[in-house]
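Shown here: run.txt, compact mmCIF, C-alpha atoms and all ligand atoms.
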# COMPACT_ATOMS: atom_id res chain seq x y z
CA MET A 18 43.89 19.06 12.39
CA PRO A 19 41.15 21.52 13.32
CA LEU A 20 38.33 22.02 10.89
CA ILE A 21 38.32 25.67 9.82
CA LEU A 22 35.11 26.77 8.14
CA ASP A 23 35.21 29.55 5.61
CA GLN A 24 32.05 31.54 6.40
CA HIS A 25 31.97 33.11 2.94
CA LYS A 26 32.19 29.73 1.23
CA LEU A 27 29.55 28.31 3.57
CA GLU A 28 27.07 31.05 2.70
CA HIS A 29 27.85 30.53 -0.95
CA THR A 30 27.17 26.79 -0.62
CA ARG A 31 23.83 27.45 1.05
CA VAL A 32 22.76 29.72 -1.79
CA ASN A 33 23.75 27.08 -4.32
CA LEU A 34 21.83 24.38 -2.53
CA LYS A 35 18.73 26.57 -2.56
CA ASP A 36 19.07 27.09 -6.29
CA ILE A 37 19.58 23.38 -6.84
CA ASN A 38 16.44 22.68 -4.84
CA LYS A 39 14.45 25.09 -6.96
CA ALA A 40 15.78 23.76 -10.22
CA HIS A 41 15.68 20.03 -9.60
CA LEU A 42 13.63 19.06 -6.57
CA SER A 43 10.38 20.96 -6.89
CA ARG A 44 7.61 18.85 -8.40
CA PRO A 45 5.67 19.92 -11.54
CA LYS A 46 2.84 22.42 -10.92
CA ASN A 47 0.59 24.61 -13.03
CA ASP A 48 1.54 28.28 -12.69
CA ASP A 49 -2.08 29.28 -11.99
CA GLY A 50 -2.37 26.74 -9.14
CA SER A 51 -4.90 24.57 -10.97
CA PRO A 52 -4.51 20.76 -10.79
CA LEU A 53 -2.34 19.04 -13.37
CA TYR A 54 -5.06 16.40 -13.87
CA PRO A 55 -8.48 18.13 -13.56
CA GLU A 56 -10.30 15.09 -15.00
CA TYR A 57 -9.22 13.14 -11.88
CA MET A 58 -10.72 15.60 -9.39
CA PRO A 59 -12.64 13.86 -6.57
CA PHE A 60 -16.39 13.55 -6.94
CA TYR A 61 -18.72 12.77 -4.03
CA ASP A 62 -22.28 11.64 -4.69
CA PRO A 63 -24.23 10.99 -1.45
CA LEU A 64 -26.96 9.18 -3.41
CA GLU A 65 -24.71 6.72 -5.21
CA LYS A 66 -25.10 3.00 -4.43
CA VAL A 67 -23.20 0.00 -5.82
CA GLU A 68 -23.68 -3.76 -5.51
CA ASP A 69 -21.11 -5.94 -3.77
CA LEU A 70 -19.09 -7.99 -6.23
CA GLY A 71 -19.94 -11.31 -4.57
CA ALA A 72 -17.79 -14.44 -4.54
CA PHE A 73 -15.59 -15.09 -7.57
CA GLU A 74 -12.93 -17.55 -8.70
CA HIS A 75 -9.42 -16.11 -8.40
CA PHE A 76 -6.41 -17.53 -10.22
CA ASP A 77 -3.40 -15.40 -9.39
CA PRO A 78 -1.45 -14.33 -12.53
CA GLY A 79 1.78 -14.90 -10.58
CA HIS A 80 1.20 -18.67 -11.03
CA ARG A 81 1.83 -18.31 -14.77
CA ALA A 82 4.97 -16.17 -14.42
CA ASP A 83 8.46 -17.04 -15.62
CA PRO A 84 10.52 -16.62 -12.42
CA SER A 85 13.46 -15.14 -14.37
CA PHE A 86 11.18 -12.21 -15.41
CA PRO A 87 12.30 -11.97 -19.09
CA ASN A 88 9.19 -10.06 -20.23
CA LEU A 89 8.99 -7.69 -17.27
CA LEU A 90 12.65 -6.73 -17.20
CA LYS A 91 13.65 -6.79 -20.88
CA GLY A 92 13.73 -2.95 -21.14
CA ALA A 93 15.00 -2.32 -17.60
CA THR A 94 17.97 0.04 -17.38
CA LYS A 95 18.39 -0.18 -13.62
CA SER A 96 16.78 -1.88 -10.63
CA PHE A 97 17.61 -1.78 -6.97
CA ASP A 98 16.06 -2.83 -3.69
CA LEU A 99 14.75 -0.11 -1.37
CA SER A 100 15.43 -2.27 1.68
CA PRO A 101 16.43 -5.92 2.18
CA HIS A 102 12.93 -7.23 2.96
CA VAL A 103 10.56 -5.03 0.98
CA GLY A 104 10.54 -2.73 -2.04
CA THR A 105 12.33 -2.70 -5.39
CA GLU A 106 12.60 0.19 -7.81
CA ILE A 107 12.79 -0.50 -11.57
CA HIS A 108 13.81 2.06 -14.18
CA GLY A 109 13.34 1.85 -17.95
CA VAL A 110 10.09 -0.15 -17.96
CA GLN A 111 6.70 1.33 -18.93
CA VAL A 112 3.99 -0.65 -17.15
CA SER A 113 1.51 0.39 -19.88
CA LYS A 114 3.62 -1.46 -22.49
CA LEU A 115 3.81 -4.79 -20.64
CA ASP A 116 2.09 -7.67 -22.36
CA SER A 117 0.15 -10.36 -20.55
CA LYS A 118 3.33 -12.31 -19.72
CA GLY A 119 5.01 -9.16 -18.42
CA LEU A 120 2.03 -8.48 -16.14
CA ASP A 121 2.11 -12.10 -14.90
CA GLU A 122 5.76 -11.58 -13.98
CA LEU A 123 4.92 -8.28 -12.30
CA ALA A 124 2.42 -10.17 -10.10
CA LEU A 125 5.12 -12.64 -9.06
CA LEU A 126 7.86 -10.06 -8.46
CA THR A 127 5.44 -7.90 -6.45
CA ALA A 128 4.49 -10.91 -4.33
CA GLN A 129 8.17 -11.65 -3.71
CA ARG A 130 9.33 -8.08 -3.03
CA GLY A 131 6.10 -6.68 -1.54
CA ALA A 132 6.27 -3.43 -3.52
CA ILE A 133 7.65 -2.32 -6.90
CA VAL A 134 8.22 1.33 -7.82
CA PHE A 135 8.23 2.55 -11.43
CA ARG A 136 9.25 6.12 -12.34
CA ASP A 137 8.32 8.40 -15.26
CA GLN A 138 5.28 6.38 -16.27
CA ASP A 139 2.70 7.35 -18.90
CA PHE A 140 0.08 5.42 -16.90
CA GLY A 141 -1.71 8.60 -15.76
CA ASP A 142 -2.30 9.59 -19.40
CA LEU A 143 -3.78 6.30 -20.62
CA GLY A 144 -7.39 7.14 -19.83
CA PHE A 145 -9.71 5.41 -17.37
CA GLU A 146 -10.59 2.40 -19.53
CA ARG A 147 -7.05 1.42 -20.53
CA GLN A 148 -5.83 1.93 -16.93
CA LYS A 149 -8.54 -0.44 -15.70
CA GLU A 150 -7.79 -2.94 -18.45
CA VAL A 151 -4.16 -3.16 -17.27
CA VAL A 152 -5.02 -3.54 -13.60
CA ARG A 153 -7.91 -5.98 -14.15
CA HIS A 154 -5.21 -8.46 -15.18
CA PHE A 155 -4.73 -9.01 -11.42
CA GLY A 156 -8.38 -9.37 -10.43
CA PRO A 157 -11.79 -7.69 -10.53
CA LEU A 158 -11.59 -4.08 -9.37
CA HIS A 159 -12.80 -3.04 -5.94
CA ILE A 160 -15.29 -0.20 -5.53
CA HIS A 161 -14.75 1.77 -2.34
CA GLY A 162 -17.67 2.27 0.03
CA TRP A 163 -17.25 6.04 0.36
CA ALA A 164 -13.94 7.35 -1.07
CA PRO A 165 -14.33 9.64 -4.12
CA HIS A 166 -13.96 8.70 -7.78
CA PRO A 167 -13.51 11.01 -10.79
CA ALA A 168 -16.56 13.04 -11.78
CA ALA A 169 -16.21 11.83 -15.36
CA GLY A 170 -17.00 8.26 -14.36
CA SER A 171 -15.10 5.12 -13.38
CA VAL A 172 -16.29 4.23 -9.88
CA GLU A 173 -13.32 1.86 -9.62
CA HIS A 174 -10.80 4.73 -9.63
CA MET A 175 -10.31 5.71 -5.99
CA ILE A 176 -9.13 9.30 -5.89
CA ILE A 177 -6.61 10.39 -3.27
CA TYR A 178 -6.80 14.18 -3.06
CA ASP A 179 -5.60 16.68 -0.50
CA HIS A 180 -5.49 20.42 -1.21
CA LYS A 181 -6.65 23.70 0.29
CA ASP A 182 -9.73 23.57 -1.98
CA ASP A 183 -10.74 20.18 -0.52
CA LEU A 184 -9.56 19.40 3.01
CA ARG A 185 -12.13 16.63 3.57
CA VAL A 186 -9.51 13.91 4.00
CA ARG A 187 -7.03 16.09 5.89
CA ARG A 188 -9.75 17.07 8.38
CA SER A 189 -10.61 13.42 8.99
CA TRP A 190 -7.09 13.00 10.40
CA ALA A 191 -7.18 16.09 12.63
CA GLY A 192 -6.22 15.40 16.23
CA ARG A 193 -4.75 11.93 15.65
CA SER A 194 -1.64 10.42 14.17
CA PRO A 195 -1.79 10.08 10.40
CA ILE A 196 0.47 7.02 10.69
CA GLN A 197 -2.01 4.17 10.41
CA TRP A 198 -0.56 0.85 9.33
CA HIS A 199 -3.01 -1.27 7.37
CA THR A 200 -3.74 -3.35 4.31
CA ASP A 201 -6.46 -1.78 2.20
CA GLN A 202 -9.96 -3.16 2.51
CA SER A 203 -9.09 -6.16 4.67
CA PRO A 204 -12.79 -6.53 5.70
CA GLU A 205 -13.61 -7.70 2.15
CA PRO A 206 -14.33 -11.46 2.00
CA GLN A 207 -11.81 -11.71 -0.89
CA THR A 208 -9.18 -9.16 -0.02
CA PRO A 209 -7.07 -6.97 -2.37
CA GLY A 210 -3.95 -8.35 -4.05
CA THR A 211 -1.66 -6.60 -6.56
CA THR A 212 -2.66 -2.94 -6.18
CA PHE A 213 -1.71 0.20 -8.15
CA ILE A 214 -1.24 3.82 -7.08
CA CYS A 215 -0.50 6.32 -9.83
CA MET A 216 0.80 9.68 -8.59
CA LEU A 217 -0.56 12.62 -10.57
CA GLU A 218 0.73 15.55 -8.52
CA SER A 219 2.89 15.60 -5.40
CA PRO A 220 3.34 18.25 -2.70
CA SER A 221 5.66 21.00 -3.93
CA THR A 222 8.94 19.82 -2.45
CA ALA A 223 8.97 16.70 -0.30
CA GLY A 224 6.42 14.63 1.59
CA GLY A 225 3.37 12.48 1.03
CA ASP A 226 5.48 9.32 0.90
CA THR A 227 4.07 5.85 1.58
CA LEU A 228 5.59 3.66 4.29
CA ILE A 229 5.54 -0.04 3.52
CA SER A 230 6.29 -2.92 5.89
CA SER A 231 6.77 -6.58 5.00
CA SER A 232 4.17 -8.68 6.79
CA VAL A 233 6.09 -11.78 5.73
CA GLN A 234 9.11 -10.58 7.68
CA ALA A 235 6.81 -9.34 10.46
CA TYR A 236 5.80 -12.98 10.82
CA TYR A 237 9.23 -14.63 10.39
CA SER A 238 10.95 -12.24 12.79
CA LEU A 239 8.87 -13.70 15.61
CA SER A 240 10.13 -16.78 17.47
CA PRO A 241 8.99 -20.11 15.97
CA ARG A 242 7.07 -20.99 19.13
CA PHE A 243 5.23 -17.68 19.12
CA ARG A 244 4.47 -18.05 15.41
CA LYS A 245 2.87 -21.40 16.13
CA ARG A 246 0.66 -19.74 18.75
CA LEU A 247 -0.60 -17.33 16.10
CA GLU A 248 -1.33 -19.94 13.43
CA GLY A 249 -4.87 -21.19 13.60
CA LEU A 250 -6.17 -17.99 15.20
CA THR A 251 -8.72 -15.87 13.35
CA ALA A 252 -9.68 -12.22 13.76
CA VAL A 253 -12.65 -10.10 12.78
CA HIS A 254 -11.99 -7.20 10.41
CA SER A 255 -14.53 -4.40 10.00
CA ASN A 256 -14.70 -1.01 8.28
CA ASN A 257 -17.26 0.33 10.78
CA ASP A 258 -14.90 3.03 12.12
CA GLY A 259 -14.24 4.39 8.62
CA ALA A 260 -17.95 4.38 7.84
CA ALA A 261 -18.72 6.23 11.09
CA ALA A 262 -16.08 8.86 10.23
CA GLU A 263 -17.60 9.31 6.75
CA LEU A 264 -21.11 9.67 8.22
CA LYS A 265 -19.85 12.71 10.16
CA ASN A 266 -20.03 14.53 6.79
CA GLY A 267 -23.81 14.57 7.34
CA LYS A 268 -25.90 15.11 4.21
CA ASP A 269 -22.70 15.04 2.10
CA ALA A 270 -21.67 11.62 3.40
CA VAL A 271 -21.21 8.92 0.76
CA MET A 272 -22.18 5.35 1.69
CA ARG A 273 -22.32 3.28 -1.49
CA ARG A 274 -22.16 -0.11 0.20
CA GLU A 275 -23.08 -1.77 3.49
CA VAL A 276 -20.48 -1.89 6.30
CA LEU A 277 -18.39 -5.07 6.10
CA SER A 278 -17.34 -7.42 8.89
CA THR A 279 -15.35 -10.56 8.03
CA GLU A 280 -13.33 -13.20 9.89
CA HIS A 281 -9.83 -13.86 8.50
CA PRO A 282 -6.86 -15.98 9.60
CA VAL A 283 -4.25 -14.12 11.68
CA VAL A 284 -1.49 -15.79 9.63
CA ILE A 285 -2.13 -16.23 5.92
CA VAL A 286 -0.28 -17.93 3.08
CA HIS A 287 0.37 -16.19 -0.23
CA PRO A 288 -1.23 -18.31 -2.99
CA VAL A 289 1.82 -18.09 -5.29
CA THR A 290 4.95 -17.76 -3.13
CA LYS A 291 3.46 -19.88 -0.30
CA GLN A 292 5.13 -17.49 2.15
CA LYS A 293 3.33 -16.95 5.43
CA ALA A 294 2.40 -13.41 6.46
CA LEU A 295 0.92 -11.73 9.50
CA TYR A 296 -2.55 -10.51 8.56
CA VAL A 297 -3.77 -8.07 11.21
CA ASN A 298 -3.80 -4.28 11.13
CA PRO A 299 -4.88 -1.55 13.56
CA VAL A 300 -7.26 0.14 11.11
CA TYR A 301 -9.57 -2.81 10.42
CA THR A 302 -8.83 -5.72 12.80
CA LYS A 303 -11.20 -5.62 15.78
CA TYR A 304 -10.61 -8.70 17.89
CA ILE A 305 -9.20 -12.21 17.99
CA VAL A 306 -12.03 -14.73 17.83
CA GLY A 307 -12.39 -16.76 21.02
CA PHE A 308 -10.13 -14.56 23.17
CA ASP A 309 -11.48 -12.41 25.99
CA LYS A 310 -11.27 -8.69 25.24
CA GLU A 311 -8.19 -8.01 27.37
CA GLU A 312 -6.36 -10.98 25.85
CA SER A 313 -7.28 -9.92 22.34
CA ASP A 314 -6.27 -6.29 22.93
CA TYR A 315 -2.99 -7.40 24.51
CA LEU A 316 -2.03 -9.65 21.61
CA LEU A 317 -3.18 -7.30 18.85
CA ASN A 318 -1.44 -4.31 20.44
CA PHE A 319 1.78 -6.29 20.61
CA LEU A 320 1.47 -7.19 16.93
CA TYR A 321 0.58 -3.63 15.89
CA ASN A 322 3.57 -2.30 17.79
CA HIS A 323 5.76 -4.97 16.19
CA ILE A 324 4.62 -3.87 12.70
CA ALA A 325 4.92 -0.14 13.45
CA THR A 326 8.32 -0.09 15.08
CA ARG A 327 10.33 -2.68 13.13
CA GLN A 328 11.96 -0.33 10.65
CA ASP A 329 14.28 -3.20 9.72
CA PHE A 330 11.62 -4.71 7.48
CA SER A 331 10.06 -1.58 6.06
CA CYS A 332 10.81 0.92 3.31
CA ARG A 333 9.62 4.37 2.31
CA VAL A 334 8.39 5.19 -1.18
CA ARG A 335 8.88 8.76 -2.36
CA TYR A 336 6.69 9.86 -5.26
CA GLU A 337 7.08 12.20 -8.19
CA ALA A 338 4.41 12.92 -10.79
CA GLY A 339 4.41 9.80 -12.97
CA THR A 340 5.47 7.39 -10.22
CA VAL A 341 3.47 4.16 -10.18
CA LEU A 342 3.63 2.03 -7.05
CA VAL A 343 2.50 -1.58 -7.37
CA TRP A 344 2.25 -3.51 -4.13
CA ASP A 345 0.86 -6.81 -2.90
CA GLN A 346 -1.54 -6.22 -0.02
CA ARG A 347 -1.31 -9.86 1.10
CA VAL A 348 2.34 -9.53 2.12
CA THR A 349 2.60 -5.91 3.28
CA ASN A 350 1.13 -3.26 5.52
CA HIS A 351 1.40 0.38 4.57
CA SER A 352 0.77 3.86 5.95
CA GLN A 353 0.39 7.36 4.62
CA THR A 354 2.65 10.06 6.06
CA LEU A 355 0.64 13.31 5.63
CA ASP A 356 3.77 15.28 6.55
CA TYR A 357 3.60 18.10 3.99
CA PRO A 358 2.04 21.55 4.62
CA VAL A 359 -1.74 21.73 4.91
CA GLY A 360 -3.11 23.13 1.64
CA ASP A 361 -0.40 21.67 -0.62
CA ARG A 362 -1.81 19.48 -3.36
CA ARG A 363 -1.30 15.70 -3.34
CA HIS A 364 -3.29 13.96 -6.05
CA ALA A 365 -3.26 10.28 -7.04
CA PHE A 366 -5.55 7.44 -7.97
CA ARG A 367 -5.64 3.88 -6.75
CA LEU A 368 -6.92 0.82 -8.62
CA THR A 369 -7.44 -2.12 -6.29
CA PRO A 370 -7.93 -5.64 -7.68
CA LEU A 371 -9.53 -8.12 -5.32
CA ALA A 372 -7.85 -11.51 -5.08
CA ASN A 373 -8.21 -14.75 -3.13
CA LYS A 374 -10.02 -15.38 0.14
CA PRO A 375 -7.17 -15.24 2.69
CA ILE A 376 -5.60 -18.70 3.01
CA PRO A 377 -4.92 -19.80 6.59
CA ALA A 378 -1.42 -20.97 7.58
CA LYS A 379 -1.56 -24.51 8.90
CA VAL A 380 -0.87 -25.29 12.52
CA GLU A 381 2.11 -27.62 12.64
CA GLU A 382 3.50 -28.30 16.11
CA ASP A 383 7.03 -28.91 14.91
CA ASP A 384 7.63 -28.42 11.22
CA GLY A 385 11.39 -27.92 11.65
CA GLU A 386 11.17 -24.21 10.85
CA CYS A 387 13.43 -23.24 13.73
CA ALA A 388 16.06 -25.81 12.71
CA ARG A 389 16.04 -24.35 9.18
CA ASP A 390 16.46 -20.79 10.47
CA THR A 391 20.27 -20.59 10.42
CA GLN A 392 20.40 -17.32 12.32
CA ARG A 393 18.37 -18.80 15.18
CA VAL A 394 20.42 -22.00 15.16
CA GLN A 395 23.63 -19.95 15.36
CA MET A 396 22.24 -18.05 18.34
CA ASN A 397 21.07 -21.28 20.07
CA LEU A 398 17.50 -20.07 19.97
CA CYS A 399 15.87 -23.36 18.89
FE FE B 1 -4.17 2.41 2.27

Render the structure in this file as C-alpha cells.
Ligand SMILES: [Fe+2]
Amino acid sequence: MPLILDQHKLEHTRVNLKDINKAHLSRPKNDDGSPLYPEYMPFYDPLEKVEDLGAFEHFDPGHRADPSFPNLLKGATKSFDLSPHVGTEIHGVQVSKLDSKGLDELALLTAQRGAIVFRDQDFGDLGFERQKEVVRHFGPLHIHGWAPHPAAGSVEHMIIYDHKDDLRVRRSWAGRSPIQWHTDQSPEPQTPGTTFICMLESPSTAGGDTLISSSVQAYYSLSPRFRKRLEGLTAVHSNNDGAAAELKNGKDAVMRREVLSTEHPVVIVHPVTKQKALYVNPVYTKYIVGFDKEESDYLLNFLYNHIATRQDFSCRVRYEAGTVLVWDQRVTNHSQTLDYPVGDRRHAFRLTPLANKPIPAKVEEDDGECARDTQRVQMNLC
C-alpha cells in the first residue's frame, strides 16, 4: 500500500515538534544572558604557583564496598546501562546524601561500569568545601597546572567554561579536531581515579556531551597473543604539549606547576576489580620505552585508532544542568565533543582525586585467557 503523506498534517506535526523542543528540551538559562553560577566563573592568575602533592598511600574505597550496593542504590528509582561495556545511569539517588559506605560502593560500581551518570543533583549547590569533602573520599584532589579555578577560591575545582565572553578554551582547539581521547592527567606519578564532573549550565539545546570508551574492553577485544605483546611494555606520558599551548597566552599564561613526564605500564590492572586495561592515550602518551620511533608511532597509532573507532565499547553522556558524571579514569578514555555553536555557554567543574600508581599487568606467556574466552573458542581463534 503506498504511503500517502498529508502535507497539512505534516506541517502541523513540524510546528508541534518545534513547540515541544522549546518547552521541554531547552536547558535552563538566565533571561539576561548571565551565567547561572557566577561564583564558578573561571579565574586565571599568571602568578599563582602550587606545590606538587608528592607520593602518598592510596587505599581505594572500592575495596571496602558491599558488592550488592545496598547503600548506594537504596533510593534508586531506575537504573540502566548506556551501553554493554561502559556507562550506567542511576535515577533517584542524590550523591550528596550518600554516606561513607554509599561512596565506597560508588567507587566499586564506577570501577566496574567505567562511568555512572546521576541526574537532577544538588551537588552544584553544596558549596566548594562540602563538594571537596565528598570527592576527597576517593583520594587527595589534583590541582591542575594551568586550567582555571573559581575566583572565590578552591584551586582544586577545575572550571570548564566556554562562552562568547571567554573563548580561551575554544580558541585552543581552533584548526584541529576537538575529539581527543584521553584519561585526565595521565602524566601524574599517581594518576586520577574516581573523578567527578558537575554540569552547571549546558549549551541551549543539545551538544557538549562527553564520549567515554572502556579501556578494559579496548584491551580484551584484542587477540590474546597481541595482548601478551603489550603486557610488560611501558610508555612515557607528558603534558608538555598542553603546557606549550597554554604558554601561547603570553603574559596571561598560567603555569602553576612544572611540566610532568612519567613512565607508566601500557597495560594496567585496576586495584579493586583486578581487570586489565589499556593505558595509553593520544593526548599525553609520547612513546613506547625501548622501541625505535617508527615502531613506537606505529604501535601507538594502531592503539589510538582502536580506541577512537571502536564504538562498540563506548557510550555518550548527555548533560543537563544538575547532571553529575562520575567516572574511573583507570578503566576509561574520554573525549569532549565541542559540537555546539561558538558563543553558547557550557559551564561545569571537575574534581579529580588522585589514586594509585598505575599497576602493571603481569606478562604471562600462556595464562589460559584465550581458552576462557568462549567467543574466541567458538570461533576457533585460540
Ligand atoms: Fe578530560

request  = Select, from A:Leu123, A:Val233, A:Ala164, A:Ala372, the residue with the minimum atom-to-atom distance to ligand FE 1 (chain B), counting all atoms listed in the file.
outcome  = A:Ala164

message = Between A:Leu89, A:Met58, A:Leu143, A:Leu228, which residue has the minimum interatomic distance to ligand FE 1 (chain B), considering all atoms listed in the file?
response =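 Once distances to ligand FE 1 (chain B) are computed over all atoms listed in the file, the minimum belongs to A:Leu228.
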
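Of the residues listed (A:Asn266, A:Thr211, A:Thr340, A:Asn256), A:Thr211 shows the shortest atom-to-atom separation from Leu125 (chain A); distances use all atoms listed in the file.
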
Once you count only C-alpha atoms and all ligand atoms, what closest atom pair and distance in Å to one decimal does each residue of chain A within 8 Å of ligand FE 1 (chain B) have, with rows by chain and rising residue number, as CSV?
residue,atom,partner,partner_atom,distance
A:His199,CA,B:FE1,FE,6.4
A:Thr200,CA,B:FE1,FE,6.1
A:Asp201,CA,B:FE1,FE,4.8
A:His351,CA,B:FE1,FE,6.4
A:Ser352,CA,B:FE1,FE,6.3
A:Gln353,CA,B:FE1,FE,7.1

key: Computed interatomic separation between CA of Pro165 (chain A) and CA of Glu65 (chain A) (Å)   =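 According to the coordinates, CA of Pro165 (chain A) and CA of Glu65 (chain A) are separated by 10.8 Å.
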